[in-house]
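Q: My structure file my_file33.cif, mmCIF, C-alpha atoms, is below:
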data_input
loop_
_atom_site.label_atom_id
_atom_site.label_comp_id
_atom_site.auth_asym_id
_atom_site.auth_seq_id
_atom_site.Cartn_x
_atom_site.Cartn_y
_atom_site.Cartn_z
CA MET A 1 -20.50 -51.13 -61.33
CA THR A 2 -16.80 -51.71 -61.79
CA GLU A 3 -14.41 -52.41 -58.90
CA ARG A 4 -12.76 -49.01 -59.41
CA ALA A 5 -16.14 -47.22 -59.26
CA GLU A 6 -17.14 -49.13 -56.11
CA THR A 7 -13.85 -48.17 -54.41
CA ALA A 8 -14.31 -44.52 -55.35
CA ALA A 9 -17.87 -44.51 -54.03
CA GLU A 10 -16.79 -46.00 -50.68
CA ALA A 11 -13.85 -43.58 -50.19
CA PRO A 12 -14.47 -41.12 -47.33
CA ALA A 13 -14.88 -37.48 -48.23
CA GLN A 14 -11.83 -35.33 -47.68
CA PRO A 15 -12.18 -32.74 -44.89
CA ALA A 16 -12.82 -29.23 -46.09
CA ASP A 17 -9.88 -26.84 -46.01
CA THR A 18 -10.74 -24.43 -43.22
CA ARG A 19 -7.56 -22.40 -43.46
CA GLN A 20 -7.63 -18.71 -44.29
CA VAL A 21 -4.18 -18.04 -45.67
CA ILE A 22 -3.22 -14.37 -45.86
CA ARG A 23 -0.18 -12.38 -46.91
CA PRO A 24 0.80 -8.78 -46.14
CA TYR A 25 -0.48 -6.10 -48.48
CA GLY A 26 1.67 -3.32 -49.93
CA ASP A 27 0.82 -2.16 -53.43
CA THR A 28 -1.56 -4.91 -54.53
CA THR A 29 -3.52 -7.51 -52.57
CA GLY A 30 -1.37 -10.49 -51.58
CA ASP A 31 1.93 -9.04 -52.85
CA ALA A 32 3.54 -9.77 -49.43
CA MET A 33 5.25 -6.38 -49.33
CA VAL A 34 6.07 -4.88 -45.92
CA GLN A 35 7.84 -1.80 -44.59
CA VAL A 36 10.14 -1.87 -41.57
CA SER A 37 12.14 0.81 -39.81
CA PHE A 38 15.21 0.54 -37.58
CA THR A 39 18.38 2.35 -36.55
CA LEU A 40 21.91 1.03 -36.98
CA PRO A 41 24.91 2.34 -34.99
CA VAL A 42 26.89 3.26 -38.11
CA PRO A 43 27.50 6.55 -40.00
CA ALA A 44 25.19 7.23 -42.94
CA GLY A 45 26.45 6.21 -46.39
CA LYS A 46 26.52 3.44 -48.96
CA ARG A 47 28.17 1.01 -46.58
CA ALA A 48 25.46 1.65 -44.00
CA GLU A 49 22.77 1.01 -46.63
CA ALA A 50 24.47 -2.27 -47.53
CA ALA A 51 24.36 -3.25 -43.86
CA ALA A 52 20.65 -2.38 -43.71
CA LEU A 53 19.93 -4.54 -46.77
CA GLN A 54 21.90 -7.43 -45.30
CA LEU A 55 19.87 -7.18 -42.10
CA ALA A 56 16.65 -7.04 -44.11
CA GLY A 57 17.68 -10.19 -45.97
CA ARG A 58 18.27 -12.03 -42.71
CA MET A 59 14.84 -10.87 -41.55
CA GLY A 60 13.32 -12.65 -44.55
CA LEU A 61 12.79 -9.69 -46.89
CA ASP A 62 13.69 -10.65 -50.45
CA PRO A 63 13.94 -8.58 -52.52
CA ALA A 64 14.37 -5.50 -50.33
CA SER A 65 15.27 -1.87 -50.94
CA VAL A 66 16.24 1.06 -48.74
CA VAL A 67 13.60 3.72 -49.37
CA HIS A 68 14.79 6.14 -46.70
CA ALA A 69 18.05 6.68 -44.82
CA LYS A 70 18.67 9.59 -42.47
CA PRO A 71 21.70 10.35 -40.26
CA MET A 72 20.93 10.40 -36.55
CA GLY A 73 23.99 12.32 -35.48
CA PRO A 74 27.45 11.39 -36.77
CA ASP A 75 27.40 7.73 -35.76
CA TYR A 76 23.86 6.45 -36.31
CA THR A 77 21.52 6.01 -39.29
CA PHE A 78 17.76 5.56 -39.36
CA PHE A 79 16.40 3.35 -42.17
CA ILE A 80 13.09 2.51 -43.74
CA VAL A 81 13.29 -0.66 -45.82
CA TYR A 82 10.62 -1.95 -48.20
CA GLY A 83 10.62 -5.58 -49.23
CA ARG A 84 8.77 -8.84 -49.83
CA VAL A 85 8.33 -11.52 -47.18
CA ASN A 86 7.78 -15.19 -47.89
CA HIS A 87 5.70 -15.96 -44.82
CA LEU A 88 2.05 -16.99 -44.81
CA ILE A 89 -0.45 -16.62 -41.96
CA ASP A 90 -3.43 -18.89 -41.30
CA TYR A 91 -5.84 -16.26 -40.01
CA ALA A 92 -8.56 -18.83 -39.31
CA GLY A 93 -6.22 -20.60 -36.88
CA ILE A 94 -5.73 -17.53 -34.70
CA PRO A 95 -8.01 -17.70 -31.65
CA ALA A 96 -10.26 -14.73 -31.01
CA PRO A 97 -9.10 -12.59 -28.09
CA PRO A 98 -11.16 -12.94 -24.91
CA GLU A 99 -14.18 -10.69 -24.61
CA ARG A 100 -14.33 -7.99 -21.97
CA GLU A 101 -15.52 -9.73 -18.82
CA TYR A 102 -17.59 -6.80 -17.59
CA PRO A 103 -20.30 -4.68 -19.23
CA LEU A 104 -19.51 -1.23 -20.61
CA LEU A 105 -21.56 1.22 -18.56
CA THR A 106 -22.71 4.75 -19.23
CA SER A 107 -21.66 7.55 -16.87
CA LYS A 108 -25.15 7.53 -15.35
CA GLU A 109 -24.95 3.81 -14.67
CA VAL A 110 -21.49 4.18 -13.12
CA ASN A 111 -22.63 7.03 -10.87
CA LEU A 112 -25.72 5.17 -9.71
CA ALA A 113 -23.79 1.96 -9.00
CA ILE A 114 -21.25 3.83 -6.86
CA ARG A 115 -23.95 5.76 -4.99
CA ARG A 116 -25.95 2.63 -4.24
CA ALA A 117 -22.96 0.54 -3.14
CA LEU A 118 -20.76 3.05 -1.31
CA ASN A 119 -23.03 5.95 -0.40
CA ARG A 120 -19.96 8.13 -0.97
CA ARG A 121 -17.69 9.14 -3.83
CA LEU A 122 -15.17 6.61 -5.13
CA MET A 123 -11.62 7.96 -4.70
CA VAL A 124 -9.11 7.55 -7.55
CA VAL A 125 -5.47 8.68 -7.43
CA GLY A 126 -3.56 8.78 -10.70
CA ALA A 127 0.01 9.57 -11.73
CA CYS A 128 2.89 8.99 -14.11
CA ILE A 129 5.68 7.46 -12.03
CA GLY A 130 9.44 7.36 -12.29
CA THR A 131 11.05 9.60 -14.91
CA ASP A 132 7.99 9.42 -17.17
CA ALA A 133 6.96 12.99 -18.01
CA HIS A 134 4.28 12.07 -20.56
CA THR A 135 0.91 12.88 -19.01
CA VAL A 136 -1.10 12.37 -22.20
CA GLY A 137 -2.21 8.89 -21.09
CA ILE A 138 -3.23 9.66 -17.53
CA ASP A 139 -4.86 12.94 -18.60
CA ALA A 140 -6.90 11.14 -21.28
CA ILE A 141 -8.44 8.92 -18.61
CA LEU A 142 -8.76 11.37 -15.73
CA ASN A 143 -9.30 14.86 -17.15
CA VAL A 144 -12.77 16.09 -18.04
CA LYS A 145 -11.77 16.52 -21.69
CA GLY A 146 -11.20 12.77 -21.85
CA PHE A 147 -10.34 10.79 -24.98
CA ALA A 148 -12.02 9.52 -28.16
CA GLY A 149 -15.14 11.58 -27.57
CA GLU A 150 -15.57 10.33 -23.99
CA LYS A 151 -15.20 12.54 -20.94
CA GLY A 152 -12.67 11.50 -18.31
CA LEU A 153 -13.30 10.30 -14.77
CA GLU A 154 -13.43 13.87 -13.43
CA TYR A 155 -16.75 14.17 -15.28
CA TYR A 156 -18.30 11.36 -13.22
CA ARG A 157 -20.20 12.91 -10.32
CA GLU A 158 -19.56 9.99 -7.98
CA ILE A 159 -15.82 9.69 -8.68
CA GLN A 160 -13.32 11.96 -6.95
CA VAL A 161 -10.04 12.27 -8.84
CA VAL A 162 -6.57 13.28 -7.68
CA ASN A 163 -4.20 13.64 -10.65
CA MET A 164 -0.65 13.91 -9.35
CA GLY A 165 0.82 14.53 -12.80
CA ALA A 166 4.24 13.44 -14.05
CA GLN A 167 7.49 12.13 -12.58
CA VAL A 168 5.90 11.10 -9.30
CA THR A 169 8.01 8.82 -7.12
CA VAL A 170 6.56 5.55 -5.89
CA GLU A 171 6.93 6.75 -2.31
CA GLU A 172 4.93 9.91 -3.09
CA LEU A 173 2.21 7.90 -4.79
CA VAL A 174 1.84 5.47 -1.89
CA GLU A 175 1.78 8.31 0.64
CA ARG A 176 -0.89 10.24 -1.30
CA ALA A 177 -3.02 7.14 -1.86
CA LYS A 178 -2.98 6.42 1.87
CA ALA A 179 -3.72 10.04 2.74
CA GLU A 180 -6.72 10.11 0.39
CA ASP A 181 -7.87 6.62 1.41
CA ALA A 182 -7.89 5.77 -2.31
CA ASP A 183 -10.13 3.05 -3.66
CA ALA A 184 -8.05 2.79 -6.82
CA VAL A 185 -4.64 3.90 -8.07
CA LEU A 186 -4.15 4.52 -11.81
CA VAL A 187 -0.62 4.66 -13.21
CA SER A 188 0.29 5.58 -16.79
CA GLN A 189 3.61 4.56 -18.33
CA VAL A 190 4.52 5.83 -21.78
CA VAL A 191 8.33 5.84 -21.58
CA THR A 192 9.44 2.27 -22.33
CA GLN A 193 13.17 2.42 -23.04
CA ARG A 194 14.99 -0.52 -21.45
CA ASN A 195 11.64 -1.74 -20.15
CA ALA A 196 11.38 1.18 -17.71
CA HIS A 197 7.60 0.78 -17.72
CA LEU A 198 7.87 -2.79 -16.42
CA HIS A 199 10.46 -1.94 -13.78
CA ASN A 200 8.48 1.07 -12.53
CA THR A 201 5.22 -0.87 -12.38
CA LYS A 202 6.72 -3.79 -10.47
CA GLN A 203 8.34 -1.36 -8.04
CA MET A 204 5.03 0.42 -7.53
CA ALA A 205 3.12 -2.84 -7.00
CA ALA A 206 5.70 -4.12 -4.51
CA ALA A 207 5.51 -0.87 -2.54
CA PHE A 208 1.71 -1.05 -2.24
CA HIS A 209 1.74 -4.71 -1.24
CA ALA A 210 4.39 -3.93 1.40
CA GLU A 211 2.38 -0.95 2.69
CA TYR A 212 -0.79 -3.03 3.03
CA PRO A 213 0.58 -6.39 4.27
CA THR A 214 -2.71 -7.60 5.72
CA ALA A 215 -4.81 -6.81 2.66
CA VAL A 216 -6.87 -9.69 1.31
CA ALA A 217 -7.28 -8.27 -2.21
CA ALA A 218 -7.99 -5.08 -4.12
CA GLY A 219 -10.74 -3.16 -2.37
CA MET A 220 -10.30 -5.37 0.68
CA GLY A 221 -7.50 -3.69 2.58
CA ARG A 222 -5.64 -1.97 -0.26
CA PRO A 223 -6.41 0.12 -3.35
CA LEU A 224 -7.12 -1.42 -6.72
CA LEU A 225 -3.90 -1.14 -8.77
CA ILE A 226 -4.34 -0.31 -12.46
CA VAL A 227 -1.59 0.42 -14.98
CA GLY A 228 -1.88 1.49 -18.60
CA GLY A 229 0.32 2.31 -21.57
CA PRO A 230 1.16 1.37 -25.16
CA ARG A 231 3.71 -1.36 -24.46
CA PHE A 232 2.13 -3.66 -21.89
CA ASP A 233 0.88 -6.20 -24.45
CA THR A 234 3.65 -8.71 -23.66
CA VAL A 235 2.89 -9.09 -19.94
CA THR A 236 -0.06 -9.87 -17.71
CA ALA A 237 -1.31 -8.16 -14.58
CA ALA A 238 -0.07 -11.12 -12.53
CA ASP A 239 3.43 -10.69 -13.98
CA LEU A 240 3.51 -7.11 -12.71
CA GLY A 241 1.72 -7.58 -9.41
CA VAL A 242 -1.18 -5.30 -10.31
CA ASP A 243 -4.91 -5.91 -10.71
CA ARG A 244 -5.41 -4.73 -14.29
CA VAL A 245 -3.38 -3.72 -17.33
CA PHE A 246 -4.91 -1.51 -20.01
CA GLY A 247 -3.29 -1.09 -23.43
CA LYS A 248 -3.39 1.56 -26.10
CA GLY A 249 -6.77 2.92 -27.11
CA THR A 250 -8.38 2.39 -23.70
CA THR A 251 -11.22 4.85 -23.08
CA PRO A 252 -12.39 6.44 -19.80
CA ALA A 253 -15.64 4.46 -19.96
CA GLU A 254 -13.72 1.18 -19.99
CA VAL A 255 -11.78 2.21 -16.90
CA ALA A 256 -14.85 3.51 -15.07
CA SER A 257 -16.77 0.33 -15.88
CA PHE A 258 -13.88 -1.77 -14.60
CA LEU A 259 -13.83 0.18 -11.33
CA VAL A 260 -17.49 -0.73 -10.83
CA HIS A 261 -16.84 -4.35 -11.81
CA ALA A 262 -13.81 -4.78 -9.54
CA LEU A 263 -14.76 -2.74 -6.48
CA LEU A 264 -18.53 -2.89 -6.14
CA PRO A 265 -20.96 -5.76 -5.49
CA ALA A 266 -22.08 -7.73 -8.52
CA ASP A 267 -25.66 -6.44 -8.34
CA PRO A 268 -26.07 -4.65 -11.72
CA PRO A 269 -27.38 -1.10 -11.76
CA PRO A 270 -30.60 -0.27 -13.63
CA ALA A 271 -30.06 0.46 -17.32
CA GLU A 272 -31.48 3.97 -17.11
CA PRO A 273 -31.62 5.87 -13.81
CA THR A 274 -34.54 8.19 -13.18
CA GLU A 275 -34.24 11.96 -12.89
CA GLU A 276 -34.46 11.69 -9.08
CA THR A 277 -31.47 9.33 -8.89
CA ARG A 278 -29.20 11.22 -11.24
#
What is this structure when it is put down as structure tokens?

A:
Amino acid sequence: MTERAETAAEAPAQPADTRQVIRPYGDTTGDAMVQVSFTLPVPAGKRAEAAALQLAGRMGLDPASVVHAKPMGPDYTFFIVYGRVNHLIDYAGIPAPPEREYPLLTSKEVNLAIRRALNRRLMVVGACIGTDAHTVGIDAILNVKGFAGEKGLEYYREIQVVNMGAQVTVEELVERAKAEDADAVLVSQVVTQRNAHLHNTKQMAAAFHAEYPTAVAAGMGRPLLIVGGPRFDTVTAADLGVDRVFGKGTTPAEVASFLVHALLPADPPPAEPTEETR
């Protein structure tokens, strides 16, 4: 065996490439084409389109084209720009999001767990606070009609629901929660301009903590504080002073299961209750 062959045989094997490089998809796989929309504070016209293309270029879109431009009053223009990005993503290097830390229960399991642990109905007070008039979120969780094929918390026999509706002040919410001796308070925030959802939630959390100064934790001296909405993905519950944050797509079953997980003893309910315990 020659010296070169011996050296090659002794060389360590190169590690396998575990990357999974991906690009955006527009017309064909891997063409890196994306579509973005934005509004500029300028009147519609050719000069405005030139400004939109310049912005797109600084965002890394090259080449880019304005595929839609619409005046938004006399001084603003809404754009949709289509272009190619030069960025690559290693999908394999993105950690998997944490799994739900509690089991997803059926309505029967939720009802039985509440009955066994409390021997009374679990009280939930919900509202949209501040100037938020969009009740679609809170109604999807609380109303019987529910969301995504699941019935809301009003359907659960062992959960009593008070839905205060829209534009409820923090003071009104705290007063009602105390009057009802609420186990949990659910707040929906859809309006997010100027981070109104974050401001409102922090104000609400501070009011409840001030109203229950001797509380040890949720369910131990004060209600469980839950907030949900489409734009809470950049903050944590600890940032806001609440016990749980739910994002878009949350179903009533997830909320009901969390109530059991957070408020009741850890003893799991039987998988299938009998007819006598229903």

Q: Got a sec: who's within 12 Å of A:Arg194, counting all atoms listed in the file, leaving out chain neighbours fewer than 5 positions off, as a list in words?

A: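 Selected residues are His199, Asn200 and Arg231 of chain A.
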
Q: Would you write out those residues with C-alpha atoms, as a PDB file, in the frame of the given file?

A:
ATOM      1  CA  HIS A 199      10.460  -1.940 -13.780  1.00  0.00           C
ATOM      2  CA  ASN A 200       8.480   1.070 -12.530  1.00  0.00           C
ATOM      3  CA  ARG A 231       3.710  -1.360 -24.460  1.00  0.00           C
TER       4      ARG A 231
END

Q: Using all atoms listed in the file, collect all residues at a distance of at most 10 Å from (6.5, 2.4, -25.1) as written in the file, then present them as a ChimeraX atom specification.

A: /A:189-197,229-232,248

Q: If you count all atoms listed in the file, which residues fall within 7 Å of stretch 71-77 of chain A, apart from same-chain ones fewer than 3 positions away, as number ranges by chain?

A: A: 39-44

Q: Using all atoms listed in the file for the distances, tell me which of A:Ala207, A:Ala56, A:Ile141, A:Ile22 is nearest to A:Glu171.

A: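 Among A:Ala207, A:Ala56, A:Ile141, A:Ile22, it is A:Ala207 that comes nearest to A:Glu171.
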
Q: Nearest to A:Gly165 among A:Lys108, A:His134, A:Arg120, A:His68, with distances taken over all atoms listed in the file: which residue is it?

A: A:His134

Q: Selection in question (the file shown): the PyMOL selection byres ((chain A and resi 158) around 12). Which residues does it include, as a CSV table (one decimal) with C-alpha atoms, in the coordinates of the input?

A:
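Listed below is the output, out.csv:
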chain,number,residue,atom,x,y,z
A,107,SER,CA,-21.7,7.6,-16.9
A,108,LYS,CA,-25.2,7.5,-15.4
A,109,GLU,CA,-25.0,3.8,-14.7
A,110,VAL,CA,-21.5,4.2,-13.1
A,111,ASN,CA,-22.6,7.0,-10.9
A,112,LEU,CA,-25.7,5.2,-9.7
A,113,ALA,CA,-23.8,2.0,-9.0
A,114,ILE,CA,-21.2,3.8,-6.9
A,115,ARG,CA,-24.0,5.8,-5.0
A,116,ARG,CA,-26.0,2.6,-4.2
A,117,ALA,CA,-23.0,0.5,-3.1
A,118,LEU,CA,-20.8,3.0,-1.3
A,119,ASN,CA,-23.0,6.0,-0.4
A,120,ARG,CA,-20.0,8.1,-1.0
A,121,ARG,CA,-17.7,9.1,-3.8
A,122,LEU,CA,-15.2,6.6,-5.1
A,123,MET,CA,-11.6,8.0,-4.7
A,124,VAL,CA,-9.1,7.6,-7.6
A,153,LEU,CA,-13.3,10.3,-14.8
A,154,GLU,CA,-13.4,13.9,-13.4
A,155,TYR,CA,-16.8,14.2,-15.3
A,156,TYR,CA,-18.3,11.4,-13.2
A,157,ARG,CA,-20.2,12.9,-10.3
A,159,ILE,CA,-15.8,9.7,-8.7
A,160,GLN,CA,-13.3,12.0,-7.0
A,161,VAL,CA,-10.0,12.3,-8.8
A,256,ALA,CA,-14.8,3.5,-15.1
A,259,LEU,CA,-13.8,0.2,-11.3
A,260,VAL,CA,-17.5,-0.7,-10.8
A,277,THR,CA,-31.5,9.3,-8.9
A,278,ARG,CA,-29.2,11.2,-11.2

Q: Distance atom CA of A:Glu211-atom CA of A:Thr169, one decimal place?

A: 14.9 Å

Q: Identify all residues satisfying the PyMOL selection byres ((chain A and resi 63) around 7) in the given file; provide them as a ChimeraX atom specification.

A: /A:61-62,64,83-84

Q: Fewer than 6 positions away in the same chain doesn't count, so skip those; otherwise give me all residues within 12 Å of A:Ala182, counting all atoms listed in the file, as a ChimeraX atom specification.

A: /A:121-126,159-162,173-176,208,218-225,263

Q: Rounded to one decimal place, report the atom CA of A:Glu49-atom CA of A:Gln35 distance in Å.

A: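 Atom CA of A:Gln35 lies at a distance of 15.3 Å from atom CA of A:Glu49.
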
Q: Measuring between all atoms listed in the file, which one of A:Val85, A:Gly45, A:Arg244, A:Asp239 shows the shortest distance to A:Gly57?

A: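 Selected residue with least distance to A:Gly57: A:Val85.
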